[in-house]
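Chemist: So here's run.txt, just compact mmCIF, C-alpha atoms:
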# COMPACT_ATOMS: atom_id res chain seq x y z
CA MET D 283 153.53 63.76 119.91
CA ALA D 284 151.56 63.86 116.67
CA VAL D 285 150.27 61.64 113.95
CA ASP D 286 152.87 60.90 111.27
CA ALA D 287 151.37 60.72 107.77
CA THR D 288 154.27 58.59 106.53
CA LYS D 289 153.51 55.73 108.92
CA PRO D 290 151.17 52.89 108.00
CA LYS D 291 147.54 53.59 108.68
CA ARG D 292 146.32 51.27 111.37
CA ILE D 293 142.93 49.76 111.95
CA LEU D 294 142.32 48.78 115.55
CA VAL D 295 139.56 46.19 115.59
CA VAL D 296 137.34 46.03 118.68
CA HIS D 297 135.37 42.81 118.75
CA GLY D 298 131.93 42.25 120.25
CA VAL D 299 130.95 39.70 122.80
CA GLU D 300 132.49 36.48 121.61
CA ALA D 301 133.03 32.98 122.81
CA GLY D 302 136.43 31.85 124.01
CA THR D 303 139.40 33.83 125.17
CA ASP D 304 141.57 36.58 123.71
CA ALA D 305 143.61 33.92 121.96
CA ASP D 306 140.54 32.85 119.99
CA GLN D 307 139.88 36.31 118.52
CA HIS D 308 141.25 36.94 115.05
CA GLN D 309 138.93 39.58 113.59
CA ASP D 310 141.94 41.77 112.79
CA ILE D 311 143.21 39.04 110.49
CA ASP D 312 139.78 38.76 108.86
CA ILE D 313 139.71 42.49 108.16
CA ASN D 314 143.27 42.53 106.89
CA LYS D 315 142.39 39.75 104.49
CA LEU D 316 139.21 41.53 103.38
CA ILE D 317 141.00 44.80 102.64
CA THR D 318 143.89 43.05 100.89
CA THR D 319 141.49 41.10 98.71
CA ARG D 320 139.46 44.16 97.77
CA LEU D 321 142.59 46.18 96.96
CA ASN D 322 143.12 43.76 94.08
CA GLY D 323 146.84 44.46 93.96
CA ALA D 324 146.69 48.23 94.49
CA PRO D 325 149.20 49.62 97.00
CA LEU D 326 148.03 50.71 100.44
CA ASN D 327 150.28 51.12 103.46
CA PHE D 328 148.14 49.76 106.28
CA GLU D 329 148.08 47.30 109.14
CA THR D 330 145.46 45.84 111.42
CA LYS D 331 145.57 45.17 115.16
CA LEU D 332 143.09 43.80 117.65
CA TYR D 333 141.92 45.13 120.98
CA ALA D 334 140.77 41.98 122.74
CA TYR D 335 139.04 41.97 126.10
CA GLU D 336 137.61 38.48 126.38
CA ASN D 337 139.96 37.71 129.23
CA ILE D 338 138.37 40.50 131.24
CA ASN D 339 135.43 38.47 132.30
CA ASP D 340 132.53 39.32 134.50
CA THR D 341 128.94 38.50 135.19
CA ALA D 342 127.61 41.10 132.79
CA GLN D 343 129.48 39.65 129.84
CA ARG D 344 128.33 36.17 130.73
CA ARG D 345 124.76 37.45 130.77
CA PHE D 346 125.21 39.05 127.36
CA ARG D 347 126.40 35.72 126.00
CA GLU D 348 123.33 34.14 127.49
CA VAL D 349 121.20 36.70 125.69
CA LEU D 350 122.84 35.86 122.39
CA ALA D 351 122.26 32.19 123.06
CA LEU D 352 118.64 33.01 123.85
CA PHE D 353 118.28 34.78 120.51
CA THR D 354 119.58 31.74 118.70
CA THR D 355 117.37 29.33 120.55
CA ALA D 356 114.29 31.50 120.14
CA ILE D 357 114.88 31.94 116.44
CA LEU D 358 115.30 28.23 115.94
CA MET D 359 112.16 27.53 117.99
CA GLN D 360 110.19 30.42 116.43
CA ARG D 361 109.40 31.83 119.86
CA PRO D 362 108.89 35.55 120.40
CA VAL D 363 111.64 36.87 122.61
CA ASP D 364 110.88 40.51 123.28
CA LEU D 365 111.91 39.79 126.84
CA ALA D 366 115.45 39.56 125.52
CA ALA D 367 115.41 43.29 124.81
CA ASP D 368 114.92 44.00 128.48
CA ILE D 369 117.68 41.62 129.38
CA VAL D 370 120.01 43.32 126.96
CA GLY D 371 119.09 46.62 128.57
CA ASP D 372 119.98 45.27 131.96
CA VAL D 373 123.28 44.05 130.66
CA VAL D 374 124.10 47.40 129.17
CA ILE D 375 123.14 49.28 132.27
CA ALA D 376 125.37 46.95 134.21
CA LEU D 377 128.15 47.53 131.74
CA GLN D 378 127.77 51.28 131.83
CA ASP D 379 128.62 51.63 135.47
CA GLY D 380 130.47 48.46 136.22
CA SER D 381 134.14 48.31 137.01
CA THR D 382 134.64 45.78 134.25
CA ALA D 383 133.21 48.16 131.69
CA ARG D 384 135.48 50.91 132.93
CA THR D 385 138.46 48.58 132.76
CA ILE D 386 137.68 47.58 129.19
CA ARG D 387 137.00 51.16 128.09
CA GLN D 388 140.12 52.54 129.73
CA GLY D 389 142.17 49.72 128.24
CA LEU D 390 140.93 50.78 124.82
CA VAL D 391 141.74 54.44 125.50
CA ASP D 392 145.23 53.45 126.60
CA ARG D 393 145.68 51.35 123.48
CA ILE D 394 144.56 54.27 121.29
CA LEU D 395 147.03 56.60 122.98
CA GLU D 396 149.83 54.06 122.60
CA THR D 397 149.21 54.14 118.86
CA TYR D 398 149.10 57.93 118.95
CA GLU D 399 152.53 57.93 120.63
CA GLU D 400 153.81 55.66 117.88
CA GLY D 401 152.45 58.11 115.29
CA ASN D 402 150.29 55.78 113.18
CA PRO D 403 147.06 57.32 111.87
CA LEU D 404 144.46 55.22 113.65
CA TYR D 405 140.98 54.09 112.65
CA LEU D 406 138.69 52.16 114.97
CA LEU D 407 136.56 49.35 113.60
CA ALA D 408 134.17 48.06 116.23
CA HIS D 409 131.57 45.32 116.14
CA SER D 410 128.44 44.78 118.22
CA LEU D 411 128.97 45.54 121.90
CA GLY D 412 132.54 46.58 121.09
CA SER D 413 131.09 49.61 119.33
CA ILE D 414 129.78 50.89 122.66
CA TYR D 415 133.30 50.82 124.09
CA ALA D 416 134.70 52.41 120.94
CA PHE D 417 132.07 55.17 120.90
CA ASP D 418 132.71 55.97 124.54
CA ALA D 419 136.50 55.87 124.14
CA VAL D 420 136.52 58.28 121.18
CA ASN D 421 134.16 60.69 122.89
CA GLN D 422 136.22 60.55 126.06
CA LEU D 423 139.30 61.55 124.06
CA VAL D 424 137.46 64.31 122.19
CA ASP D 425 136.53 65.64 125.61
CA THR D 426 140.13 65.51 126.83
CA HIS D 427 142.22 68.67 126.55
CA GLY D 428 145.11 68.47 124.10
CA TYR D 429 143.55 66.20 121.52
CA PHE D 430 141.30 66.74 118.53
CA ASP D 431 142.23 70.27 117.50
CA ARG D 432 139.53 70.76 114.88
CA ASP D 433 141.93 72.15 112.24
CA ASP D 434 144.86 69.79 112.83
CA ARG D 435 144.19 66.11 112.22
CA LYS D 436 147.66 65.30 113.47
CA THR D 437 146.31 65.94 116.97
CA TRP D 438 143.57 63.38 116.45
CA PRO D 439 144.34 60.05 118.16
CA VAL D 440 141.51 58.54 116.10
CA GLN D 441 141.04 59.53 112.45
CA GLY D 442 137.78 57.71 111.97
CA LEU D 443 135.29 55.42 113.66
CA VAL D 444 133.63 52.54 111.84
CA THR D 445 130.92 50.56 113.60
CA ILE D 446 129.35 47.36 112.28
CA GLY D 447 126.32 45.60 113.65
CA SER D 448 126.15 48.11 116.46
CA PRO D 449 123.33 48.34 118.99
CA VAL D 450 124.42 51.89 119.92
CA GLY D 451 121.34 53.36 118.25
CA LEU D 452 118.97 51.51 120.56
CA ARG D 453 117.54 53.87 123.11
CA MET D 454 118.17 51.41 125.91
CA PHE D 455 121.89 52.11 125.56
CA GLY D 456 121.44 55.74 126.50
CA ARG D 457 123.81 57.12 123.88
CA ASN D 458 122.34 59.84 121.72
CA ARG D 459 124.93 62.51 121.04
CA VAL D 460 128.62 62.95 120.33
CA VAL D 461 131.03 65.32 122.03
CA PRO D 462 131.60 68.25 119.63
CA LEU D 463 135.08 68.94 118.30
CA GLY D 464 134.56 72.68 118.17
CA GLY D 465 134.62 75.34 115.48
CA GLY D 466 137.81 76.06 113.58
CA THR D 467 137.65 76.52 109.83
CA LYS D 468 135.12 73.69 109.53
CA SER D 469 137.11 72.07 106.74
CA LYS D 470 137.88 68.86 108.60
CA PHE D 471 135.52 66.35 110.08
CA LEU D 472 135.87 63.28 112.23
CA ARG D 473 134.09 60.54 110.32
CA TRP D 474 131.86 57.94 111.89
CA ILE D 475 130.39 55.40 109.51
CA ASN D 476 127.83 53.01 110.93
CA TYR D 477 127.12 49.88 108.87
CA TRP D 478 123.96 47.93 109.50
CA ASP D 479 122.11 45.10 107.86
CA ARG D 480 118.33 45.42 107.85
CA THR D 481 117.84 41.95 109.32
CA ASP D 482 120.46 42.20 112.08
CA PRO D 483 118.47 41.84 115.32
CA VAL D 484 121.19 43.36 117.48
CA VAL D 485 120.97 46.61 115.48
CA SER D 486 117.21 46.86 115.34
CA GLY D 487 116.19 45.34 118.64
CA SER D 488 113.57 43.40 116.68
CA PHE D 489 113.83 39.73 117.35
CA TYR D 490 111.05 38.67 115.04
CA GLY D 491 113.28 39.04 112.04
CA GLN D 492 111.34 41.96 110.65
CA PRO D 493 113.65 43.94 108.35
CA ASN D 494 114.44 47.34 109.79
CA GLU D 495 112.98 50.15 107.72
CA GLY D 496 114.37 53.62 107.18
CA TYR D 497 117.84 54.89 106.48
CA THR D 498 119.34 56.16 109.70
CA ILE D 499 120.44 54.74 113.01
CA VAL D 500 123.07 57.07 114.46
CA GLU D 501 123.02 60.16 112.23
CA ARG D 502 120.76 61.73 114.83
CA PHE D 503 123.76 61.77 117.19
CA ALA D 504 125.11 64.83 115.34
CA THR D 505 122.60 67.30 116.68
CA ALA D 506 124.80 69.22 119.04
CA GLY D 507 125.16 72.31 116.86
CA ALA D 508 127.15 73.74 113.99
CA ASP D 509 130.49 73.08 115.65
CA VAL D 510 129.92 69.39 116.15
CA GLY D 511 132.81 68.56 113.81
CA TRP D 512 131.69 64.98 113.16
CA LEU D 513 130.50 63.64 109.82
CA ILE D 514 128.23 60.77 110.75
CA GLN D 515 126.77 58.53 108.07
CA ASP D 516 124.71 55.39 108.33
CA LYS D 517 125.17 52.85 105.58
CA VAL D 518 122.80 50.00 104.94
CA VAL D 519 124.60 46.86 103.83
CA ASP D 520 123.20 43.58 102.63
CA VAL D 521 125.51 40.85 103.84
CA GLY D 522 123.35 38.23 102.17
CA ARG D 523 122.39 36.48 105.38
CA ALA D 524 119.62 36.97 107.91
CA TRP D 525 119.21 37.44 111.65
CA LEU D 526 122.19 36.38 113.74
CA GLU D 527 123.99 35.23 110.63
CA ALA D 528 123.70 38.82 109.42
CA HIS D 529 125.13 40.04 112.72
CA VAL D 530 128.33 38.10 112.19
CA GLY D 531 128.42 38.54 108.41
CA TYR D 532 129.98 41.99 108.20
CA TRP D 533 133.56 40.77 108.51
CA THR D 534 133.63 39.32 105.02
CA HIS D 535 131.40 41.79 103.19
CA PRO D 536 133.11 43.17 100.05
CA GLY D 537 131.34 46.53 100.33
CA LEU D 538 132.82 47.10 103.77
CA GLY D 539 136.24 46.16 102.40
CA ASP D 540 135.92 48.62 99.51
CA ASP D 541 134.83 51.39 101.85
CA LEU D 542 137.73 50.72 104.23
CA VAL D 543 140.13 50.95 101.29
CA SER D 544 138.65 54.35 100.50
CA LEU D 545 138.72 55.53 104.11
CA LEU D 546 142.37 54.56 104.58
CA GLY D 547 143.63 55.37 101.11
CA MET P 114 116.60 11.31 112.32
CA ILE P 115 113.73 12.80 114.29
CA HIS P 116 115.51 16.16 114.25
CA GLY P 117 116.08 16.11 110.50
CA PRO P 118 112.94 17.99 109.37
CA TRP P 119 113.27 20.50 112.20
CA LEU P 120 116.89 21.12 111.34
CA LEU P 121 115.95 21.64 107.73
CA MET P 122 113.19 24.04 108.72
CA ALA P 123 115.56 25.93 111.01
CA LEU P 124 118.07 26.30 108.20
CA LEU P 125 115.36 27.54 105.86
CA LEU P 126 114.22 30.02 108.48
CA LEU P 127 117.72 31.28 109.00
CA THR P 128 118.43 31.72 105.33
CA GLY P 129 114.91 32.68 104.29
CA CYS P 130 115.56 30.64 101.12
CA ALA P 131 117.83 33.44 100.06
CA HIS P 132 118.85 34.23 96.52
CA ASN P 133 121.92 36.45 96.26
CA TYR P 134 122.44 38.64 93.21
CA VAL P 135 125.23 40.94 92.12
CA TYR P 136 124.64 43.75 89.64
CA SER P 137 127.67 45.27 87.95
CA GLY P 138 128.88 47.21 84.96
CA VAL P 139 132.12 48.85 83.81
CA LEU P 140 132.52 52.20 82.07
CA GLU P 141 135.71 53.55 80.54
CA ALA P 142 135.91 57.32 80.88
CA GLU P 143 138.15 60.14 82.05
CA ASP P 144 138.75 60.62 85.73
CA SER P 145 139.28 64.02 87.33
CA THR P 146 142.98 63.96 86.37
CA GLY P 147 142.10 63.55 82.69
CA LYS P 148 143.27 59.92 82.46
CA MET P 149 141.14 57.27 80.78
CA ARG P 150 140.23 54.74 83.46
CA GLN P 151 137.79 51.95 84.00
CA HIS P 152 135.10 52.55 86.60
CA LEU P 153 133.26 49.57 88.09
CA LEU P 154 129.72 50.08 89.35
CA TYR P 155 128.18 47.37 91.50
CA TRP P 156 125.61 46.57 94.14
CA ASN P 157 124.14 43.43 95.64
CA ARG P 158 120.65 42.24 96.43
CA THR P 159 119.22 39.42 98.49
CA GLU P 160 115.74 38.09 97.85
CA ARG P 161 114.11 35.97 100.55
CA PRO P 162 110.75 34.93 99.21
CA VAL P 163 109.81 32.95 102.31
CA TRP P 164 110.26 35.47 105.08
CA PHE P 165 111.69 38.79 104.06
CA ASP P 166 111.34 41.46 101.47
CA THR P 167 114.17 42.08 99.13
CA VAL P 168 117.09 43.93 100.68
CA GLU P 169 120.01 45.71 99.03
CA GLY P 170 123.20 47.42 100.00
CA SER P 171 124.55 50.70 98.68
CA ILE P 172 125.75 51.18 95.13
CA ARG P 173 129.50 51.56 94.87
CA MET P 174 131.70 52.85 92.08
CA LEU P 175 135.33 51.72 92.14
CA PRO P 176 137.72 53.69 89.95
CA GLN P 177 140.79 52.07 88.43
CA CYS P 178 144.15 53.27 89.85
CA SER P 179 142.51 55.01 92.76
CA ALA P 180 141.65 53.92 96.29
CA ASN P 181 138.38 55.81 96.25
CA THR P 182 135.06 54.05 96.68
CA VAL P 183 132.30 56.35 95.52
CA PRO P 184 129.06 55.60 97.37
CA TYR P 185 125.53 56.06 96.07
CA ASP P 186 123.30 55.45 99.07
CA GLU P 187 119.55 55.10 99.13
CA GLN P 188 118.13 58.06 101.01
CA PRO P 189 114.64 59.59 101.31
CA SER P 190 115.56 61.96 98.48
CA GLY P 191 116.71 59.17 96.14
CA ILE P 192 119.92 57.28 95.47
CA VAL P 193 122.58 59.87 96.13
CA PHE P 194 126.32 60.29 96.42
CA ARG P 195 126.62 62.06 99.76
CA THR P 196 129.49 64.50 100.17
CA ARG P 197 132.47 63.41 102.24
CA PRO P 198 135.12 65.71 103.73
CA THR P 199 137.37 65.20 100.70
CA ASP P 200 134.69 65.90 98.08
CA LYS P 201 134.22 69.39 96.66
CA LYS P 202 131.20 70.25 94.59
CA ILE P 203 132.14 71.96 91.34
CA ILE P 204 128.99 71.55 89.23
CA GLY P 205 125.42 72.57 89.88
CA PRO P 206 123.69 74.59 92.56
CA ALA P 207 125.40 75.04 95.87
CA GLU P 208 123.89 72.07 97.66
CA PRO P 209 126.91 70.93 99.61
CA ALA P 210 125.53 67.61 100.81
CA ILE P 211 125.02 65.92 97.44
CA CYS P 212 127.76 65.04 94.93
CA GLY P 213 125.62 63.11 92.47
CA GLU P 214 122.64 60.84 92.07
CA VAL P 215 121.35 57.81 90.24
CA LEU P 216 118.71 58.89 87.76
CA GLY P 217 115.37 57.28 87.07
CA ALA P 218 114.90 55.43 90.37
CA LYS P 219 114.20 56.39 93.96
CA HIS P 220 115.04 52.97 95.35
CA ILE P 221 117.88 50.60 94.57
CA GLN P 222 115.29 47.85 94.43
CA ASP P 223 113.81 49.56 91.36
CA LEU P 224 117.04 49.26 89.41
CA ALA P 225 117.33 46.39 86.96
CA GLU P 226 119.70 45.08 84.37
CA GLY P 227 120.42 47.39 81.48
CA ARG P 228 121.32 51.06 81.41
CA VAL P 229 121.86 52.87 84.70
CA GLU P 230 122.52 56.60 84.55
CA LEU P 231 124.16 58.65 87.26
CA THR P 232 125.71 62.05 87.77
CA VAL P 233 129.04 63.10 89.27
CA LEU P 234 129.20 66.70 90.45
CA CYS P 235 132.22 66.74 92.76
CA VAL P 236 135.97 66.31 92.64
CA ASP P 237 138.39 64.75 95.10
CA THR P 238 140.16 67.38 97.20
CA PRO P 239 142.64 66.07 99.79
CA LYS P 240 142.65 68.26 102.88
CA ASP P 241 146.16 67.54 104.17
CA ASP P 242 148.96 65.01 103.90
CA LEU P 243 146.92 62.46 105.80
CA ASP P 244 144.74 62.21 102.69
CA SER P 245 146.12 60.81 99.44
CA PRO P 246 144.74 61.92 96.08
CA LYS P 247 141.93 59.57 95.09
CA PRO P 248 140.47 60.66 91.77
CA TYR P 249 137.18 59.33 90.50
CA LEU P 250 134.92 59.77 87.51
CA LYS P 251 135.24 63.30 86.16
CA ALA P 252 132.50 65.71 87.21
CA ARG P 253 130.36 66.92 84.35
CA GLY P 254 126.92 68.32 83.66
CA GLU P 255 125.70 65.33 81.65
CA PRO P 256 125.00 61.95 83.24
CA TYR P 257 127.11 58.88 82.67
CA GLY P 258 125.54 55.63 81.50
CA PHE P 259 126.59 52.19 82.74
CA THR P 260 125.43 48.95 81.16
CA VAL P 261 124.66 46.71 84.11
CA SER P 262 124.24 42.95 84.14
CA LYS P 263 122.89 40.68 86.88
CA ARG P 264 124.39 37.47 88.19
CA GLU P 265 123.25 35.06 90.91
CA VAL P 266 125.97 34.01 93.35
CA PRO P 267 126.03 31.54 96.26
CA ASN P 268 127.09 34.29 98.67
CA PHE P 269 128.81 37.67 98.73
CA SER P 270 131.82 36.68 100.77
CA ASP P 271 133.72 34.14 98.68
CA PRO P 272 136.39 35.56 96.37
CA GLY P 273 135.17 36.00 92.82
CA ASN P 274 131.51 36.38 93.66
CA VAL P 275 131.58 40.17 93.80
CA PRO P 276 133.59 41.99 91.11
CA MET P 277 136.80 43.71 92.13
CA ARG P 278 138.28 47.15 91.61
CA PRO P 279 139.75 47.18 88.07
CA LYS P 280 143.47 46.38 88.20
CA CYS P 281 145.75 49.34 87.62
CA GLN P 282 147.86 48.77 84.52
CA SER P 283 149.48 52.23 84.24
CA PRO P 284 149.41 54.39 87.40
Translate this file's structure into structure tokens.
Modeler:
Amino acid sequence: MAVDATKPKRILVVHGVEAGTDADQHQDIDINKLITTRLNGAPLNFETKLYAYENINDTAQRRFREVLALFTTAILMQRPVDLAADIVGDVVIALQDGSTARTIRQGLVDRILETYEEGNPLYLLAHSLGSIYAFDAVNQLVDTHGYFDRDDRKTWPVQGLVTIGSPVGLRMFGRNRVVPLGGGTKSKFLRWINYWDRTDPVVSGSFYGQPNEGYTIVERFATAGADVGWLIQDKVVDVGRAWLEAHVGYWTHPGLGDDLVSLLG
Amino acid sequence: MIHGPWLLMALLLLTGCAHNYVYSGVLEAEDSTGKMRQHLLYWNRTERPVWFDTVEGSIRMLPQCSANTVPYDEQPSGIVFRTRPTDKKIIGPAEPAICGEVLGAKHIQDLAEGRVELTVLCVDTPKDDLDSPKPYLKARGEPYGFTVSKREVPNFSDPGNVPMRPKCQSP
């Protein structure tokens, strides 16, 4: 069981909280189209798949949808909605320990390992709340014996993590560090690239629309020592839209497409 | 009809009366394999005069006949090309984290149409057979100069609004 470099590189897309059912999710098609467009005819052996979990429904997810609806309403009505931050926190806490969260996370781990068995080099691309599941799944696998030999990428079930519009940097989510890969020759690194738009309220936790200042969101996660083995980079993107429109605007952003070409190529 | 003005205001609030701009320029020069290639430099900017300050994304350089996307990100130290696992620094002092920088500006917002100079100090070095060779602009001690022009576009997502990687004519 090892990654086969001759097989197509695969992007497994993990969506955020969305309306509808699994059948309504097509973000993998969006990303495939974006990469294909940005390749501009250049060859690249890749494929995209979707990990959908909308059919795993529970109260917590319904509450998160309500929060998103609250954002929209408040923005349209110009009402301050700091209260929403607390509600999001409650949702996340519920998700952290809830059986539904465990089911979704374990389903993602299983899906990653299925791909590993098939041999395709795998990259995770996760949006919004999906990035929490993706972050936890990768770290769970790094912490599992038999995977992620620092010097042998063919033992890595995930070759890279890409998060877009992720709230994982908000303190209320309780994530602040990655599981180290260990020492080795230190020539290989597990990449995590976190894309964020300055006006995306889900990233910043600011619901007044104030652009988020600074340069980093999750780079502080790599503070576990010299043997951390992760290369974590935040990247500011300008999707050309604001607020919640920014939050859903990553899927078609050319810069993300160009960077995915480079990551896979 | 009573909702008309409110709807208009809501739309204005959501967009912030945005103006979307794309900056781009192409340079023909040797890549690290010694082949003459085109190299596209671009970034985008959104100006929202009503509600927000101007915001920009990273600067990207797309080499012809290569899948690499060379990033110049705005950082506290300036606009820099941060080293990735497949980049090896071959020019300059042993500062492993930086593979180049945009000269003459600390912020992308300060860059305008005209000449933009940047340095390339690293070379692509695949680590194993999971990485393919992805050459980019040849590292050298002197900066490269791009002539950049600005264009307003309706959005960044529709095809044709943001320039593409130069097509590969002879691999």
Chemist: Taking all atoms listed in the file into account, what are the residues of chain P at most 6 Å from chain D, put as a list in words?
Modeler: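 Listed by rising number, the hits are Ala123, Thr128, Thr159, Glu169, Gly170, Ala180, Asn181, Thr182, Leu243 and Ser270 of chain P.
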Chemist: Please determine, counting all atoms listed in the file, which residue among D:Glu336, D:Glu495, D:Glu399, D:Asp418 has the shortest atom-to-atom distance to Trp438 of chain D.
Modeler: D:Glu399
Chemist: Please provide the set of residues having any atom within 8 Å of His297 of chain D, restricted to all atoms listed in the file, with same-chain residues fewer than 2 positions apart removed, written as a PDB file with C-alpha atoms, keeping the file's coordinate frame.
Modeler:
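Just written: around-v7.pdb:
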ATOM      1  CA  VAL D 295     139.560  46.190 115.590  1.00  0.00           C
ATOM      2  CA  VAL D 299     130.950  39.700 122.800  1.00  0.00           C
ATOM      3  CA  GLU D 300     132.490  36.480 121.610  1.00  0.00           C
ATOM      4  CA  GLN D 307     139.880  36.310 118.520  1.00  0.00           C
ATOM      5  CA  GLN D 309     138.930  39.580 113.590  1.00  0.00           C
ATOM      6  CA  LEU D 332     143.090  43.800 117.650  1.00  0.00           C
ATOM      7  CA  TYR D 333     141.920  45.130 120.980  1.00  0.00           C
ATOM      8  CA  ALA D 334     140.770  41.980 122.740  1.00  0.00           C
ATOM      9  CA  ALA D 408     134.170  48.060 116.230  1.00  0.00           C
ATOM     10  CA  HIS D 409     131.570  45.320 116.140  1.00  0.00           C
ATOM     11  CA  SER D 410     128.440  44.780 118.220  1.00  0.00           C
ATOM     12  CA  LEU D 411     128.970  45.540 121.900  1.00  0.00           C
ATOM     13  CA  GLY D 412     132.540  46.580 121.090  1.00  0.00           C
TER      14      GLY D 412
END
Chemist: Measuring between all atoms listed in the file, which one of P:His220, P:Asp237, P:Glu226, P:Val266 shows the shortest distance to Val193 of chain P?
Modeler: P:His220
Chemist: Take atom CA of Ile317 of chain D and atom CA of Ala305 of chain D and report the distance between them in Å, one decimal.
Modeler: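 Rounded to one decimal, the two atoms are 22.3 Å apart.
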Chemist: Would you pick out the contacts of Ser283 of chain P at 12 Å or less, using all atoms listed in the file, so that residues sharing its chain but fewer than 2 positions from it are not included, and give the list as a PyMOL selection string?
Modeler: (chain D and resi 324) or (chain P and resi 148-151+177-179+279-281)
Chemist: Pick out the residues sitting within 10 Å of Leu140 of chain P, and hand them over as a list in words; count only C-alpha atoms, and ignore anything fewer than 3 positions along from it in its own chain.
Modeler: Glu143, Arg150, Gln151, His152, Leu153, Leu154, Pro176, Leu250, Tyr257, Gly258, Phe259, Thr260 and Val261 of chain P
Chemist: When you draw a straight line from atom CA of Tyr136 of chain P to atom CA of Leu231 of chain P, how long is it in Å?
Modeler: 15.1 Å
Chemist: Restricting the calculation to all atoms listed in the file, which member of D:Thr426, D:Pro483, D:Gly465, D:Val460 is positioned closest to Val500 of chain D?
Modeler: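 Distance minimum relative to Val500 of chain D lands on D:Val460.
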Chemist: Can you tell me which residues surround Asn337 of chain D at a distance of at most 10 Å, considering all atoms listed in the file, apart from same-chain residues fewer than 5 positions away, and format the answer as a list in words?
Modeler: Gly302, Thr303, Asp304 and Ala305 of chain D
Chemist: Got a sec: who's within 6 Å of Gly213 of chain P, counting only C-alpha atoms, leaving out chain neighbours fewer than 4 positions off, as an mmCIF file with C-alpha atoms, keeping the file's coordinate frame?
Modeler:
data_model
loop_
_atom_site.group_PDB
_atom_site.id
_atom_site.type_symbol
_atom_site.label_atom_id
_atom_site.label_comp_id
_atom_site.auth_asym_id
_atom_site.auth_seq_id
_atom_site.Cartn_x
_atom_site.Cartn_y
_atom_site.Cartn_z
ATOM 1 C CA VAL P 193 122.580 59.870 96.130
ATOM 2 C CA PHE P 194 126.320 60.290 96.420
ATOM 3 C CA THR P 232 125.710 62.050 87.770
ATOM 4 C CA VAL P 233 129.040 63.100 89.270
ATOM 5 C CA LEU P 234 129.200 66.700 90.450
#
Chemist: When you draw a straight line from atom CA of Ala383 of chain D to atom CA of Ile338 of chain D, how long is it in Å?
Modeler: 9.2 Å
Chemist: Could you pull out every residue with an atom within 8 Å of (122.6, 50.5, 117.5), file coordinates, counting only C-alpha atoms, and send them as a VMD selection string?
Modeler: chain D and resid 447 to 452 484 to 486 499 to 500
